[in-house]
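Each remark here refers to the structure printed beneath this line.
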Amino acid sequence: MSQMPKLMNLKETAELLSVSRATLYRMQKRDPRFPPPLHLSPGCVRWREDQIRAYIQRLTPTAPGDQE
């Protein structure tokens, strides 16, 4: 059985991305590749950790020869 992904709040997501909360909101607004948040209830927004980590991987350039 697969494990449920960790859900991160705004602060945790911003910390994982090493950006401020304001920058996180700008990234979400301007980058269509940015993972959408989950709106669990009014005022309760979370991001899936696995989707944020995949987003970071897509942004990380790979050097020639780093491919497996």
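Letters A, B, ... mark the chains of the structure tokens in the order given; residue numbers begin at 1 per chain; ligand numbers begin at 1, in order shown.
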Write out as a list in words all residues of chain A that DSSP puts in alpha helix (DSSP H) for this structure's backbone.
-> Leu10, Lys11, Glu12, Thr13, Ala14, Glu15, Leu16, Leu17, Arg21, Ala22, Thr23, Leu24, Tyr25, Arg26, Met27, Gln28, Lys29, Arg30, Glu49, Asp50, Gln51, Ile52, Arg53, Ala54, Tyr55, Ile56, Gln57, Arg58 and Leu59 of chain A
Keeping only N, CA and C atoms, write the selected residues as a CSV table (one decimal), in the first residue's frame.
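Output below, filename result33.csv:
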chain,number,residue,atom,x,y,z
A,10,LEU,N,2.2,26.8,4.4
A,10,LEU,CA,2.8,27.8,3.7
A,10,LEU,C,4.3,28.0,4.2
A,11,LYS,N,4.5,28.0,5.5
A,11,LYS,CA,5.8,28.2,6.0
A,11,LYS,C,6.8,27.1,5.6
A,12,GLU,N,6.3,25.9,5.8
A,12,GLU,CA,7.1,24.7,5.4
A,12,GLU,C,7.5,24.7,4.0
A,13,THR,N,6.5,25.0,3.1
A,13,THR,CA,6.7,25.0,1.7
A,13,THR,C,7.7,26.1,1.3
A,14,ALA,N,7.6,27.3,1.9
A,14,ALA,CA,8.5,28.4,1.6
A,14,ALA,C,9.9,28.0,2.1
A,15,GLU,N,10.0,27.3,3.2
A,15,GLU,CA,11.4,26.9,3.7
A,15,GLU,C,12.0,25.9,2.8
A,16,LEU,N,11.2,24.9,2.3
A,16,LEU,CA,11.7,23.9,1.4
A,16,LEU,C,12.3,24.5,0.2
A,17,LEU,N,11.6,25.5,-0.3
A,17,LEU,CA,12.0,26.2,-1.5
A,17,LEU,C,13.1,27.3,-1.3
A,21,ARG,N,7.6,33.9,2.1
A,21,ARG,CA,6.2,33.6,1.8
A,21,ARG,C,5.7,34.4,0.6
A,22,ALA,N,6.1,35.7,0.6
A,22,ALA,CA,5.7,36.5,-0.6
A,22,ALA,C,6.2,36.0,-1.9
A,23,THR,N,7.5,35.5,-1.9
A,23,THR,CA,8.0,34.9,-3.1
A,23,THR,C,7.3,33.7,-3.5
A,24,LEU,N,6.9,32.9,-2.5
A,24,LEU,CA,6.1,31.7,-2.8
A,24,LEU,C,4.8,32.0,-3.5
A,25,TYR,N,4.1,33.0,-3.0
A,25,TYR,CA,2.9,33.5,-3.7
A,25,TYR,C,3.1,34.0,-5.1
A,26,ARG,N,4.3,34.7,-5.3
A,26,ARG,CA,4.6,35.2,-6.7
A,26,ARG,C,4.9,34.0,-7.6
A,27,MET,N,5.6,33.0,-7.1
A,27,MET,CA,5.9,31.8,-7.9
A,27,MET,C,4.6,31.1,-8.3
A,28,GLN,N,3.8,31.0,-7.4
A,28,GLN,CA,2.5,30.3,-7.6
A,28,GLN,C,1.7,31.1,-8.7
A,29,LYS,N,1.7,32.4,-8.6
A,29,LYS,CA,0.9,33.2,-9.5
A,29,LYS,C,1.5,33.2,-10.9
A,30,ARG,N,2.8,33.3,-11.0
A,30,ARG,CA,3.5,33.5,-12.3
A,30,ARG,C,4.0,32.3,-13.0
A,49,GLU,N,4.3,17.6,-0.5
A,49,GLU,CA,5.7,17.7,-0.5
A,49,GLU,C,6.3,17.0,-1.7
A,50,ASP,N,5.8,15.9,-2.1
A,50,ASP,CA,6.3,15.2,-3.3
A,50,ASP,C,6.2,16.1,-4.6
A,51,GLN,N,5.1,16.8,-4.7
A,51,GLN,CA,5.0,17.7,-5.9
A,51,GLN,C,6.0,18.9,-5.8
A,52,ILE,N,6.2,19.4,-4.6
A,52,ILE,CA,7.2,20.5,-4.5
A,52,ILE,C,8.6,20.0,-4.8
A,53,ARG,N,8.9,18.9,-4.3
A,53,ARG,CA,10.3,18.3,-4.6
A,53,ARG,C,10.4,18.0,-6.1
A,54,ALA,N,9.4,17.5,-6.7
A,54,ALA,CA,9.5,17.3,-8.2
A,54,ALA,C,9.6,18.6,-8.9
A,55,TYR,N,9.0,19.6,-8.5
A,55,TYR,CA,9.1,21.0,-9.1
A,55,TYR,C,10.5,21.5,-8.9
A,56,ILE,N,11.1,21.3,-7.8
A,56,ILE,CA,12.5,21.7,-7.6
A,56,ILE,C,13.4,20.9,-8.5
A,57,GLN,N,13.2,19.6,-8.7
A,57,GLN,CA,14.0,18.8,-9.6
A,57,GLN,C,13.9,19.3,-11.0
A,58,ARG,N,12.7,19.7,-11.4
A,58,ARG,CA,12.5,20.2,-12.8
A,58,ARG,C,13.3,21.5,-13.0
A,59,LEU,N,13.5,22.3,-12.0
A,59,LEU,CA,14.1,23.6,-12.1
A,59,LEU,C,15.7,23.4,-12.0
Can you list, as a list in words, every protein, DNA or RNA residue that comes within 6 Å of region 41-48 of chain A when you count only C-alpha atoms, leaving out same-chain residues fewer than 5 positions away?
->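 What passes the distance filter is Lys6, Leu7, Met8 and Asn9 of chain A.
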So which residues of chain A fall under strand (DSSP E or B) by DSSP, listed as a ChimeraX atom specification?
-> /A:7-8,38-41,44-48
